[in-house]
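**Student:** Data file final_7.txt (compact mmCIF, C-alpha atoms) is appended below.
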# COMPACT_ATOMS: atom_id res chain seq x y z
CA MET U 4 15.37 114.29 14.08
CA ALA U 5 17.96 111.52 14.01
CA GLY U 6 17.99 109.22 16.99
CA GLY U 7 15.07 111.00 18.57
CA LEU U 8 17.32 113.93 19.42
CA GLY U 9 16.06 116.92 17.48
CA LEU U 10 12.60 117.88 18.63
CA LEU U 11 10.47 118.88 15.69
CA ALA U 12 7.84 121.14 17.17
CA GLY U 13 4.16 121.04 16.38
CA ARG U 14 3.17 123.67 18.90
CA GLN U 15 3.14 127.10 17.27
CA ALA U 16 4.50 128.67 20.46
CA LEU U 17 4.03 132.42 20.82
CA ALA U 18 6.55 134.94 22.15
CA GLY U 19 8.49 138.12 21.47
CA GLY U 20 12.17 138.20 20.54
CA ARG U 21 14.90 139.33 18.13
CA ALA U 22 14.09 141.28 15.01
CA GLY U 23 13.55 138.93 12.10
CA ALA U 24 12.18 135.98 14.05
CA VAL U 25 9.70 135.34 16.88
CA THR U 26 8.48 138.93 17.03
CA GLY U 27 5.17 140.72 17.38
CA PRO U 28 1.83 139.79 18.95
CA ALA U 29 -0.16 136.72 18.07
CA PRO U 30 -3.38 137.36 16.14
CA ASP U 31 -6.65 137.75 17.98
CA ARG U 32 -8.82 134.99 16.54
CA SER U 33 -11.94 136.45 18.09
CA ARG U 34 -11.74 139.16 15.42
CA TRP U 35 -11.92 136.70 12.56
CA ASN U 36 -15.04 136.59 10.42
CA ALA U 37 -16.14 132.97 10.88
CA ARG U 38 -18.50 133.32 7.92
CA ASP U 39 -15.70 134.18 5.51
CA PRO U 40 -15.92 131.33 2.93
CA ALA U 41 -12.21 131.56 2.18
CA LEU U 42 -11.34 131.12 5.86
CA ARG U 43 -13.73 128.19 6.16
CA LYS U 44 -12.23 126.47 3.10
CA ALA U 45 -8.63 127.10 4.21
CA ALA U 46 -9.38 125.78 7.70
CA GLN U 47 -11.05 122.72 6.19
CA LEU U 48 -7.99 121.96 4.05
CA GLY U 49 -5.73 122.42 7.04
CA GLN U 50 -7.79 119.98 9.10
CA SER U 51 -7.81 117.46 6.26
CA ALA U 52 -4.02 117.68 6.12
CA LEU U 53 -3.80 116.93 9.85
CA GLU U 54 -5.98 113.87 9.28
CA ALA U 55 -4.12 112.70 6.14
CA ARG U 56 -3.45 108.98 5.85
CA ASP U 57 0.25 109.51 5.21
CA VAL U 58 2.86 112.24 5.00
CA ALA U 59 2.74 112.44 1.20
CA GLU U 60 -0.99 113.17 1.27
CA GLU U 61 -0.42 115.70 4.05
CA GLU U 62 2.13 117.53 1.91
CA LYS U 63 -0.23 117.45 -1.08
CA LEU U 64 -3.15 118.95 0.86
CA LEU U 65 -0.98 121.67 2.38
CA THR U 66 0.37 122.51 -1.07
CA GLN U 67 -3.21 122.81 -2.24
CA LEU U 68 -4.02 125.15 0.66
CA ILE U 69 -0.98 127.31 -0.02
CA GLY U 70 -1.59 127.43 -3.74
CA GLN U 71 -5.20 128.45 -3.29
CA PHE U 72 -4.90 131.01 -0.47
CA ASP U 73 -1.39 132.49 -0.58
CA GLY U 74 -2.46 135.21 -2.95
CA ALA U 75 -2.60 139.00 -2.90
CA GLN U 76 -6.39 138.96 -2.54
CA TYR U 77 -6.11 137.28 0.88
CA ARG U 78 -3.09 139.04 2.39
CA GLY U 79 -5.12 141.77 3.99
CA ARG U 80 -7.46 139.41 5.80
CA GLU U 81 -7.03 139.03 9.54
CA TRP U 82 -6.50 135.25 9.36
CA TYR U 83 -3.95 135.23 6.54
CA GLY U 84 -0.72 135.24 8.57
CA ASP U 85 -1.86 132.60 11.05
CA ILE U 86 -3.41 130.21 8.55
CA LEU U 87 -0.66 130.49 5.93
CA GLY U 88 2.09 130.55 8.52
CA ARG U 89 0.82 127.28 9.91
CA ALA U 90 0.37 125.78 6.45
CA TYR U 91 3.94 126.53 5.42
CA GLY U 92 5.29 125.36 8.79
CA ASP U 93 3.31 122.12 8.67
CA ARG U 94 4.37 121.48 5.08
CA GLY U 95 7.97 122.07 6.13
CA ASN U 96 7.53 119.41 8.83
CA ALA U 97 6.00 116.99 6.33
CA ARG U 98 8.86 117.57 3.91
CA ALA U 99 11.47 117.23 6.66
CA ARG U 100 10.01 113.87 7.65
CA GLN U 101 10.49 112.76 4.04
CA GLY U 102 14.09 113.96 3.94
CA LYS U 103 13.31 116.97 1.72
CA LEU U 104 15.36 119.28 3.90
CA LYS U 105 16.09 122.09 1.43
CA ALA U 106 12.42 122.36 0.52
CA ALA U 107 11.55 122.27 4.21
CA LEU U 108 13.90 125.20 4.87
CA GLY U 109 12.10 127.26 2.25
CA ASP U 110 8.78 126.49 3.90
CA TYR U 111 10.05 127.45 7.35
CA ASP U 112 11.32 130.77 6.01
CA ALA U 113 7.93 131.39 4.39
CA SER U 114 6.20 130.51 7.67
CA ILE U 115 8.45 132.87 9.65
CA GLU U 116 7.72 135.68 7.18
CA ARG U 117 3.96 135.24 7.47
CA ALA U 118 3.75 134.46 11.18
CA PRO U 119 6.75 136.14 12.86
CA TRP U 120 5.19 135.68 16.31
CA ALA U 121 5.44 131.87 16.09
CA ALA U 122 8.48 130.11 17.56
CA ASP U 123 7.95 126.67 16.03
CA PRO U 124 9.05 127.48 12.45
CA VAL U 125 12.28 128.95 13.87
CA LEU U 126 12.85 125.87 16.02
CA ASN U 127 12.09 123.52 13.15
CA LYS U 128 14.34 125.46 10.79
CA GLY U 129 17.09 124.81 13.31
CA VAL U 130 16.32 121.08 13.27
CA ALA U 131 16.59 121.01 9.47
CA LEU U 132 19.85 123.00 9.48
CA GLU U 133 21.25 120.67 12.12
CA ALA U 134 20.33 117.62 10.04
CA MET U 135 22.22 119.21 7.14
CA GLY U 136 25.30 119.71 9.32
CA ASP U 137 24.92 123.48 9.66
CA PHE U 138 25.36 123.59 13.42
CA PRO U 139 26.11 127.35 13.67
CA GLY U 140 22.90 128.11 11.75
CA ALA U 141 20.94 125.73 13.97
CA ILE U 142 22.38 127.33 17.11
CA GLU U 143 21.30 130.76 15.89
CA CYS U 144 17.74 129.50 15.43
CA TYR U 145 17.60 127.86 18.85
CA GLU U 146 19.04 130.95 20.53
CA GLU U 147 16.32 133.06 18.90
CA VAL U 148 13.68 130.71 20.30
CA LEU U 149 15.25 130.86 23.77
CA GLU U 150 15.61 134.63 23.68
CA ALA U 151 11.88 134.77 23.10
CA ASN U 152 11.09 132.07 25.67
CA PRO U 153 13.92 131.04 28.02
CA SER U 154 11.68 128.32 29.49
CA ASP U 155 11.26 126.38 26.22
CA PRO U 156 12.62 122.87 26.91
CA ALA U 157 12.67 121.93 23.21
CA GLY U 158 14.82 124.96 22.49
CA TRP U 159 17.30 123.97 25.21
CA ASN U 160 17.35 120.30 24.15
CA ASN U 161 17.98 121.15 20.52
CA LEU U 162 20.62 123.71 21.47
CA GLY U 163 22.34 120.87 23.31
CA ASN U 164 22.23 118.77 20.14
CA ALA U 165 23.80 121.50 18.03
CA LYS U 166 26.45 122.29 20.65
CA LEU U 167 27.30 118.58 20.75
CA GLY U 168 27.67 118.65 16.98
CA MET U 169 30.11 121.56 17.36
CA GLY U 170 32.17 119.70 19.96
CA ASP U 171 31.15 122.12 22.70
CA TRP U 172 30.62 119.50 25.42
CA ALA U 173 30.04 122.00 28.24
CA GLY U 174 27.53 123.94 26.16
CA ALA U 175 25.78 120.72 25.19
CA ALA U 176 25.58 119.58 28.81
CA ARG U 177 24.07 122.91 29.86
CA GLY U 178 21.43 122.72 27.12
CA TYR U 179 20.42 119.20 28.04
CA ASP U 180 20.45 119.98 31.76
CA GLU U 181 18.12 122.96 31.27
CA ALA U 182 15.78 120.89 29.08
CA ALA U 183 15.60 118.10 31.64
CA ARG U 184 15.06 120.58 34.47
CA LEU U 185 12.22 122.31 32.65
CA ALA U 186 10.63 119.09 31.37
CA PRO U 187 11.65 116.05 33.45
CA GLN U 188 9.75 113.82 31.04
CA PHE U 189 12.49 114.53 28.45
CA SER U 190 14.38 111.40 29.43
CA PHE U 191 16.58 111.69 26.32
CA SER U 192 17.71 115.13 27.52
CA ARG U 193 18.89 113.76 30.85
CA CYS U 194 20.64 110.85 29.13
CA ASN U 195 22.30 113.21 26.68
CA TYR U 196 23.40 115.40 29.59
CA ALA U 197 25.31 112.46 31.02
CA ILE U 198 26.76 111.56 27.62
CA ALA U 199 27.97 115.14 27.06
CA LEU U 200 29.62 115.16 30.49
CA TYR U 201 31.31 111.84 29.69
CA GLN U 202 32.65 113.16 26.40
CA GLY U 203 33.96 116.23 28.21
CA ALA U 204 35.92 113.97 30.60
CA GLU U 205 33.85 115.02 33.62
CA ASP U 206 33.60 112.83 36.70
CA ASP U 207 32.74 109.41 35.28
CA ALA U 208 31.24 108.33 38.61
CA ALA U 209 28.72 111.19 38.39
CA VAL U 210 27.91 110.23 34.81
CA THR U 211 27.35 106.60 35.80
CA LYS U 212 25.14 107.67 38.73
CA THR U 213 22.96 109.77 36.38
CA LEU U 214 22.57 106.92 33.90
CA GLN U 215 21.82 104.39 36.63
CA SER U 216 19.12 106.69 37.97
CA LEU U 217 17.57 106.76 34.50
CA THR U 218 17.61 102.97 34.18
CA ARG U 219 15.77 102.69 37.48
CA LYS U 220 13.18 105.28 36.52
CA TYR U 221 12.78 104.05 32.93
CA PRO U 222 13.79 100.36 32.96
CA ASN U 223 12.73 99.85 29.34
CA PHE U 224 14.66 102.88 28.03
CA ASP U 225 17.50 101.36 26.01
CA ASP U 226 19.72 104.42 25.71
CA PRO U 227 21.05 104.65 29.28
CA HIS U 228 21.50 100.88 29.43
CA ALA U 229 23.56 100.98 26.24
CA ALA U 230 25.60 103.98 27.40
CA LEU U 231 26.27 102.28 30.74
CA THR U 232 27.37 99.16 28.92
CA ALA U 233 30.10 101.06 27.11
CA ILE U 234 31.16 103.15 30.11
CA LEU U 235 31.31 100.24 32.55
CA TRP U 236 33.23 98.09 30.06
CA ASP U 237 35.85 100.78 29.63
CA ALA U 238 36.05 101.19 33.41
CA GLY U 239 36.91 97.51 33.74
CA GLU U 240 33.57 96.51 35.26
CA ARG U 241 33.00 93.83 32.68
CA ASP U 242 30.31 91.78 34.46
CA LYS U 243 28.21 94.90 35.13
CA ALA U 244 28.62 95.94 31.50
CA GLU U 245 27.39 92.57 30.25
CA ASP U 246 24.44 92.77 32.64
CA GLU U 247 23.44 96.19 31.24
CA TRP U 248 23.76 94.93 27.67
CA LEU U 249 21.25 92.15 28.39
CA ARG U 250 18.69 94.90 29.04
CA VAL U 251 19.17 96.55 25.63
CA GLU U 252 16.49 95.35 23.23
CA ASP U 253 17.17 97.64 20.24
CA PRO U 254 19.79 95.90 18.06
CA ARG U 255 20.87 99.21 16.53
CA TYR U 256 22.95 99.95 19.63
CA GLY U 257 25.33 97.26 18.41
CA ASP U 258 25.80 99.10 15.10
CA ILE U 259 28.57 101.69 15.41
CA ALA U 260 27.58 103.38 12.14
CA TRP U 261 24.07 103.93 13.48
CA LEU U 262 25.40 105.27 16.78
CA VAL U 263 27.53 107.81 14.92
CA LYS U 264 25.18 108.89 12.13
CA GLU U 265 21.72 108.48 13.62
CA ARG U 266 21.91 108.36 17.41
CA ARG U 267 24.89 110.73 17.24
CA TRP U 268 26.83 109.53 20.21
CA PRO U 269 30.09 111.48 20.60
CA THR U 270 33.48 109.93 19.97
CA ARG U 271 34.51 108.80 23.46
CA LEU U 272 31.32 106.84 24.10
CA THR U 273 31.22 105.41 20.57
CA ALA U 274 34.81 104.20 20.89
CA ALA U 275 33.98 102.58 24.23
CA MET U 276 31.01 100.77 22.68
CA ALA U 277 33.20 99.60 19.79
CA ARG U 278 35.62 98.10 22.31
CA PHE U 279 32.74 96.39 24.09
CA ILE U 280 31.43 94.90 20.84
CA ALA U 281 34.91 93.68 19.98
CA LYS U 282 35.32 92.56 23.61
CA ALA U 283 38.65 94.37 23.59
Is it possible to give me this structure as structure tokens?
**Tutor:**
Amino acid sequence: MAGGLGLLAGRQALAGGRAGAVTGPAPDRSRWNARDPALRKAAQLGQSALEARDVAEEEKLLTQLIGQFDGAQYRGREWYGDILGRAYGDRGNARARQGKLKAALGDYDASIERAPWAADPVLNKGVALEAMGDFPGAIECYEEVLEANPSDPAGWNNLGNAKLGMGDWAGAARGYDEAARLAPQFSFSRCNYAIALYQGAEDDAAVTKTLQSLTRKYPNFDDPHAALTAILWDAGERDKAEDEWLRVEDPRYGDIAWLVKERRWPTRLTAAMARFIAKA
């Protein structure tokens, strides 16, 4: 969600796990009756939603699908759980993108009920809870995803986000480190790992080395440049800090309110950036 941190999944990952979420086998689609007119119509609506011109139209089409096919006459059909589970999950995503978080939570719960084998609605419920400030609830969701699939990088990344929100810097660093190890392309995870270490007063030299490695690998990635700016300034390396700042193109990194509310930098780094901006 905010600041590109919470990963809203669109995967429909499959696994086994705790009772109540991410349990049971995935459906065998080869057993579906492809000539079932209800299935064909539901699938057509679902595809139209994926191709919608905007998120409002996507929500409307998914609502139409749910209203038409989430009825008692369809609940015994082999495709019901998969099709309706996806429809509710996708509508939850569409609503979350519009800021309708409470409605999104209801959709994720409905998706979990209909498709308990799918990890994504559990992950996305965690993202919504996190955005609402319910970090313990988000952590519970992410831990359910990881119990089902310990190699899920999105689960580890989002667990890091929620742990950061709780002030658990070591837990946040572990989540981000696992995410970056499992999916090296998650450059935000590696950057957040360094930021969590910095907040936890770990070896600042190691933090700086991690961020510098990111700036070399991703020279156009603003986040490590901005973080280095603040860290180097506070370390008294003023010329190096100014040099890093010249490489930051996104003006939002100069807005402390955005860093706190949207990018969600922790307090130590935010305070360092505020001192840099004030040239104090």
**Student:** Enter the distance from CA of Met276 in chain U to CA of Gln188 in chain U, in Å, rounded to one decimal.
**Tutor:**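 Taking CA of Met276 in chain U and CA of Gln188 in chain U, their separation equals 26.3 Å.
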**Student:** From the set U:Ile115, U:Val25, U:Ala151, U:Ile280, which residue has the shortest atom-to-atom contact distance to Trp236 in chain U, counting only C-alpha atoms?
**Tutor:**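 Closest to Trp236 in chain U of all the choices is U:Ile280.
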**Student:** Extract, using all atoms listed in the file, all DNA, RNA and protein residues at most 8 Å from Ala107 in chain U, discarding same-chain residues fewer than 2 positions from it, and format them as a PyMOL selection string.
**Tutor:** chain U and resi 94-99+103-105+109-111+128+131
**Student:** Once you add 8 Å to each side, what are the centre and edge lengths of the axis-aligned box holding all listed atoms of range 88-105 of chain U? One decimal in Å, as JSON, if you can.
**Tutor:**
{"center_x": 8.2, "center_y": 121.7, "center_z": 5.7, "size_x": 31.7, "size_y": 33.8, "size_z": 24.5}
**Student:** For Arg100 in chain U, which residue among U:Val125, U:Leu231, U:Ile86, U:Val130 is the nearest when counting all atoms listed in the file?
**Tutor:**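 For Arg100 in chain U, the nearest of the candidates is U:Val130.
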**Student:** Out of U:Ser114, U:Gln215, U:Asn152, U:Asn223, which residue has the shortest atom-to-atom distance to Ile69 in chain U when counting all atoms listed in the file?
**Tutor:** U:Ser114
**Student:** Which residue, U:Pro40, U:Gly102, U:Pro227, U:Gly49, has the smallest gap to Tyr77 in chain U when you use all atoms listed in the file?
**Tutor:**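 The answer is U:Pro40, which sits nearest to Tyr77 in chain U.
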**Student:** I want to know what sits within 7 Å of Arg117 in chain U, based on only C-alpha atoms, with residues of the same chain fewer than 3 positions away left out; could you give that as a list in words?
**Tutor:** Gly84, Leu87, Gly88, Ala113 and Ser114 of chain U
**Student:** Distance CA of Ser192 in chain U-CA of Gly140 in chain U, one decimal place?
**Tutor:**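 Spanning CA of Ser192 in chain U to CA of Gly140 in chain U is a straight-line distance of 21.1 Å.
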**Student:** What does the distance between CA of Leu132 in chain U and CA of Gly170 in chain U come to in Å, to one decimal place?
**Tutor:** 16.5 Å
**Student:** Pick the closest to Lys44 in chain U from U:Leu68, U:Glu61, U:Glu81, U:Gly136: which is it, counting all atoms listed in the file?
**Tutor:**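 That would be U:Leu68, the residue with the smallest distance to Lys44 in chain U.
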**Student:** Pro222 in chain U: which residues within 10 Å, counting only C-alpha atoms, same-chain residues fewer than 6 positions away excluded, as a list in words?
**Tutor:**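 My reading of the contact set: Gln215, Ser216, His228, Arg250 and Val251 of chain U.
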**Student:** Go ahead and write the selection's residues with C-alpha atoms as an mmCIF file, keeping the file's coordinate frame.
**Tutor:**
data_model
loop_
_atom_site.group_PDB
_atom_site.id
_atom_site.type_symbol
_atom_site.label_atom_id
_atom_site.label_comp_id
_atom_site.auth_asym_id
_atom_site.auth_seq_id
_atom_site.Cartn_x
_atom_site.Cartn_y
_atom_site.Cartn_z
ATOM 1 C CA GLN U 215 21.820 104.390 36.630
ATOM 2 C CA SER U 216 19.120 106.690 37.970
ATOM 3 C CA HIS U 228 21.500 100.880 29.430
ATOM 4 C CA ARG U 250 18.690 94.900 29.040
ATOM 5 C CA VAL U 251 19.170 96.550 25.630
#
**Student:** May I ask which of the residues U:Arg267, U:Arg43, U:Lys212, U:Arg80 is the closest one to Ala197 in chain U, counting all atoms listed in the file?
**Tutor:**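 Among U:Arg267, U:Arg43, U:Lys212, U:Arg80, it is U:Lys212 that comes nearest to Ala197 in chain U.
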**Student:** Do you know which residues are at most 10 Å from Ile234 in chain U counting all atoms listed in the file, after dropping those on the same chain fewer than 5 positions away, and could you put them as an mmCIF file with C-alpha atoms, in the coordinates of the input?
**Tutor:**
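Writing done, so here's out17.cif:
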data_model
loop_
_atom_site.group_PDB
_atom_site.id
_atom_site.type_symbol
_atom_site.label_atom_id
_atom_site.label_comp_id
_atom_site.auth_asym_id
_atom_site.auth_seq_id
_atom_site.Cartn_x
_atom_site.Cartn_y
_atom_site.Cartn_z
ATOM 1 C CA ILE U 198 26.760 111.560 27.620
ATOM 2 C CA TYR U 201 31.310 111.840 29.690
ATOM 3 C CA ASP U 207 32.740 109.410 35.280
ATOM 4 C CA ALA U 208 31.240 108.330 38.610
ATOM 5 C CA VAL U 210 27.910 110.230 34.810
ATOM 6 C CA THR U 211 27.350 106.600 35.800
ATOM 7 C CA HIS U 228 21.500 100.880 29.430
ATOM 8 C CA ALA U 229 23.560 100.980 26.240
ATOM 9 C CA GLY U 239 36.910 97.510 33.740
ATOM 10 C CA GLU U 240 33.570 96.510 35.260
ATOM 11 C CA ARG U 241 33.000 93.830 32.680
ATOM 12 C CA ALA U 244 28.620 95.940 31.500
ATOM 13 C CA ARG U 271 34.510 108.800 23.460
ATOM 14 C CA LEU U 272 31.320 106.840 24.100
ATOM 15 C CA THR U 273 31.220 105.410 20.570
ATOM 16 C CA ALA U 274 34.810 104.200 20.890
ATOM 17 C CA ALA U 275 33.980 102.580 24.230
ATOM 18 C CA MET U 276 31.010 100.770 22.680
ATOM 19 C CA PHE U 279 32.740 96.390 24.090
#
**Student:** With N, CA and C atoms as the atom set, please write range 91-127 of chain U from the structure just given, as a PDB file, in the first residue's frame.
**Tutor:**
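Below is the file out.pdb, written as the result:
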ATOM      1  N   TYR U  91     -14.604 -12.073  -5.086  1.00  0.00           N
ATOM      2  CA  TYR U  91     -14.589 -11.294  -3.857  1.00  0.00           C
ATOM      3  C   TYR U  91     -13.185 -10.731  -3.581  1.00  0.00           C
ATOM      4  N   GLY U  92     -12.157 -11.557  -3.794  1.00  0.00           N
ATOM      5  CA  GLY U  92     -10.794 -11.084  -3.562  1.00  0.00           C
ATOM      6  C   GLY U  92     -10.425  -9.936  -4.481  1.00  0.00           C
ATOM      7  N   ASP U  93     -10.787 -10.062  -5.771  1.00  0.00           N
ATOM      8  CA  ASP U  93     -10.475  -8.994  -6.724  1.00  0.00           C
ATOM      9  C   ASP U  93     -11.273  -7.725  -6.419  1.00  0.00           C
ATOM     10  N   ARG U  94     -12.528  -7.904  -5.985  1.00  0.00           N
ATOM     11  CA  ARG U  94     -13.299  -6.711  -5.632  1.00  0.00           C
ATOM     12  C   ARG U  94     -12.710  -6.048  -4.387  1.00  0.00           C
ATOM     13  N   GLY U  95     -12.229  -6.863  -3.451  1.00  0.00           N
ATOM     14  CA  GLY U  95     -11.553  -6.300  -2.291  1.00  0.00           C
ATOM     15  C   GLY U  95     -10.351  -5.472  -2.708  1.00  0.00           C
ATOM     16  N   ASN U  96      -9.566  -5.981  -3.659  1.00  0.00           N
ATOM     17  CA  ASN U  96      -8.409  -5.223  -4.157  1.00  0.00           C
ATOM     18  C   ASN U  96      -8.843  -3.917  -4.800  1.00  0.00           C
ATOM     19  N   ALA U  97      -9.901  -3.981  -5.615  1.00  0.00           N
ATOM     20  CA  ALA U  97     -10.395  -2.769  -6.278  1.00  0.00           C
ATOM     21  C   ALA U  97     -10.870  -1.744  -5.247  1.00  0.00           C
ATOM     22  N   ARG U  98     -11.560  -2.218  -4.230  1.00  0.00           N
ATOM     23  CA  ARG U  98     -12.032  -1.306  -3.190  1.00  0.00           C
ATOM     24  C   ARG U  98     -10.875  -0.746  -2.379  1.00  0.00           C
ATOM     25  N   ALA U  99      -9.877  -1.584  -2.080  1.00  0.00           N
ATOM     26  CA  ALA U  99      -8.715  -1.100  -1.325  1.00  0.00           C
ATOM     27  C   ALA U  99      -7.991  -0.008  -2.094  1.00  0.00           C
ATOM     28  N   ARG U 100      -7.886  -0.171  -3.408  1.00  0.00           N
ATOM     29  CA  ARG U 100      -7.203   0.846  -4.213  1.00  0.00           C
ATOM     30  C   ARG U 100      -7.964   2.166  -4.217  1.00  0.00           C
ATOM     31  N   GLN U 101      -9.255   2.114  -3.912  1.00  0.00           N
ATOM     32  CA  GLN U 101     -10.062   3.332  -3.836  1.00  0.00           C
ATOM     33  C   GLN U 101     -10.178   3.870  -2.402  1.00  0.00           C
ATOM     34  N   GLY U 102      -9.499   3.222  -1.474  1.00  0.00           N
ATOM     35  CA  GLY U 102      -9.548   3.661  -0.086  1.00  0.00           C
ATOM     36  C   GLY U 102     -10.739   3.145   0.691  1.00  0.00           C
ATOM     37  N   LYS U 103     -11.502   2.214   0.104  1.00  0.00           N
ATOM     38  CA  LYS U 103     -12.681   1.655   0.782  1.00  0.00           C
ATOM     39  C   LYS U 103     -12.252   0.440   1.603  1.00  0.00           C
ATOM     40  N   LEU U 104     -11.506   0.696   2.668  1.00  0.00           N
ATOM     41  CA  LEU U 104     -10.827  -0.388   3.360  1.00  0.00           C
ATOM     42  C   LEU U 104     -11.781  -1.291   4.132  1.00  0.00           C
ATOM     43  N   LYS U 105     -12.784  -0.736   4.790  1.00  0.00           N
ATOM     44  CA  LYS U 105     -13.724  -1.579   5.533  1.00  0.00           C
ATOM     45  C   LYS U 105     -14.492  -2.498   4.592  1.00  0.00           C
ATOM     46  N   ALA U 106     -14.923  -1.968   3.456  1.00  0.00           N
ATOM     47  CA  ALA U 106     -15.616  -2.798   2.471  1.00  0.00           C
ATOM     48  C   ALA U 106     -14.670  -3.858   1.916  1.00  0.00           C
ATOM     49  N   ALA U 107     -13.415  -3.488   1.723  1.00  0.00           N
ATOM     50  CA  ALA U 107     -12.429  -4.440   1.228  1.00  0.00           C
ATOM     51  C   ALA U 107     -12.250  -5.586   2.217  1.00  0.00           C
ATOM     52  N   LEU U 108     -12.203  -5.273   3.511  1.00  0.00           N
ATOM     53  CA  LEU U 108     -12.062  -6.326   4.518  1.00  0.00           C
ATOM     54  C   LEU U 108     -13.201  -7.334   4.437  1.00  0.00           C
ATOM     55  N   GLY U 109     -14.415  -6.843   4.256  1.00  0.00           N
ATOM     56  CA  GLY U 109     -15.554  -7.747   4.113  1.00  0.00           C
ATOM     57  C   GLY U 109     -15.407  -8.652   2.909  1.00  0.00           C
ATOM     58  N   ASP U 110     -14.893  -8.104   1.818  1.00  0.00           N
ATOM     59  CA  ASP U 110     -14.688  -8.918   0.621  1.00  0.00           C
ATOM     60  C   ASP U 110     -13.607  -9.971   0.847  1.00  0.00           C
ATOM     61  N   TYR U 111     -12.527  -9.601   1.517  1.00  0.00           N
ATOM     62  CA  TYR U 111     -11.468 -10.579   1.763  1.00  0.00           C
ATOM     63  C   TYR U 111     -11.978 -11.715   2.650  1.00  0.00           C
ATOM     64  N   ASP U 112     -12.783 -11.380   3.652  1.00  0.00           N
ATOM     65  CA  ASP U 112     -13.349 -12.433   4.499  1.00  0.00           C
ATOM     66  C   ASP U 112     -14.256 -13.361   3.681  1.00  0.00           C
ATOM     67  N   ALA U 113     -15.049 -12.774   2.786  1.00  0.00           N
ATOM     68  CA  ALA U 113     -15.912 -13.590   1.933  1.00  0.00           C
ATOM     69  C   ALA U 113     -15.085 -14.471   1.000  1.00  0.00           C
ATOM     70  N   SER U 114     -13.984 -13.932   0.499  1.00  0.00           N
ATOM     71  CA  SER U 114     -13.107 -14.709  -0.376  1.00  0.00           C
ATOM     72  C   SER U 114     -12.471 -15.870   0.386  1.00  0.00           C
ATOM     73  N   ILE U 115     -11.997 -15.599   1.608  1.00  0.00           N
ATOM     74  CA  ILE U 115     -11.385 -16.647   2.426  1.00  0.00           C
ATOM     75  C   ILE U 115     -12.388 -17.757   2.726  1.00  0.00           C
ATOM     76  N   GLU U 116     -13.642 -17.380   2.988  1.00  0.00           N
ATOM     77  CA  GLU U 116     -14.676 -18.364   3.283  1.00  0.00           C
ATOM     78  C   GLU U 116     -14.939 -19.264   2.088  1.00  0.00           C
ATOM     79  N   ARG U 117     -14.937 -18.695   0.890  1.00  0.00           N
ATOM     80  CA  ARG U 117     -15.279 -19.471  -0.301  1.00  0.00           C
ATOM     81  C   ARG U 117     -14.081 -20.208  -0.894  1.00  0.00           C
ATOM     82  N   ALA U 118     -12.894 -19.669  -0.693  1.00  0.00           N
ATOM     83  CA  ALA U 118     -11.690 -20.289  -1.264  1.00  0.00           C
ATOM     84  C   ALA U 118     -10.608 -20.370  -0.185  1.00  0.00           C
ATOM     85  N   PRO U 119     -10.786 -21.223   0.821  1.00  0.00           N
ATOM     86  CA  PRO U 119      -9.854 -21.258   1.946  1.00  0.00           C
ATOM     87  C   PRO U 119      -8.460 -21.755   1.591  1.00  0.00           C
ATOM     88  N   TRP U 120      -8.279 -22.285   0.389  1.00  0.00           N
ATOM     89  CA  TRP U 120      -6.965 -22.746  -0.052  1.00  0.00           C
ATOM     90  C   TRP U 120      -6.107 -21.595  -0.584  1.00  0.00           C
ATOM     91  N   ALA U 121      -6.686 -20.427  -0.818  1.00  0.00           N
ATOM     92  CA  ALA U 121      -5.975 -19.325  -1.462  1.00  0.00           C
ATOM     93  C   ALA U 121      -5.326 -18.412  -0.435  1.00  0.00           C
ATOM     94  N   ALA U 122      -4.042 -18.124  -0.624  1.00  0.00           N
ATOM     95  CA  ALA U 122      -3.306 -17.284   0.313  1.00  0.00           C
ATOM     96  C   ALA U 122      -3.526 -15.796   0.072  1.00  0.00           C
ATOM     97  N   ASP U 123      -3.785 -15.395  -1.165  1.00  0.00           N
ATOM     98  CA  ASP U 123      -3.835 -13.969  -1.468  1.00  0.00           C
ATOM     99  C   ASP U 123      -4.878 -13.186  -0.676  1.00  0.00           C
ATOM    100  N   PRO U 124      -6.108 -13.685  -0.507  1.00  0.00           N
ATOM    101  CA  PRO U 124      -7.067 -12.905   0.284  1.00  0.00           C
ATOM    102  C   PRO U 124      -6.607 -12.693   1.721  1.00  0.00           C
ATOM    103  N   VAL U 125      -5.869 -13.659   2.278  1.00  0.00           N
ATOM    104  CA  VAL U 125      -5.340 -13.511   3.638  1.00  0.00           C
ATOM    105  C   VAL U 125      -4.247 -12.449   3.649  1.00  0.00           C
ATOM    106  N   LEU U 126      -3.361 -12.504   2.674  1.00  0.00           N
ATOM    107  CA  LEU U 126      -2.303 -11.501   2.558  1.00  0.00           C
ATOM    108  C   LEU U 126      -2.894 -10.108   2.380  1.00  0.00           C
ATOM    109  N   ASN U 127      -3.867  -9.996   1.488  1.00  0.00           N
ATOM    110  CA  ASN U 127      -4.452  -8.691   1.196  1.00  0.00           C
ATOM    111  C   ASN U 127      -5.291  -8.157   2.345  1.00  0.00           C
TER     112      ASN U 127
END
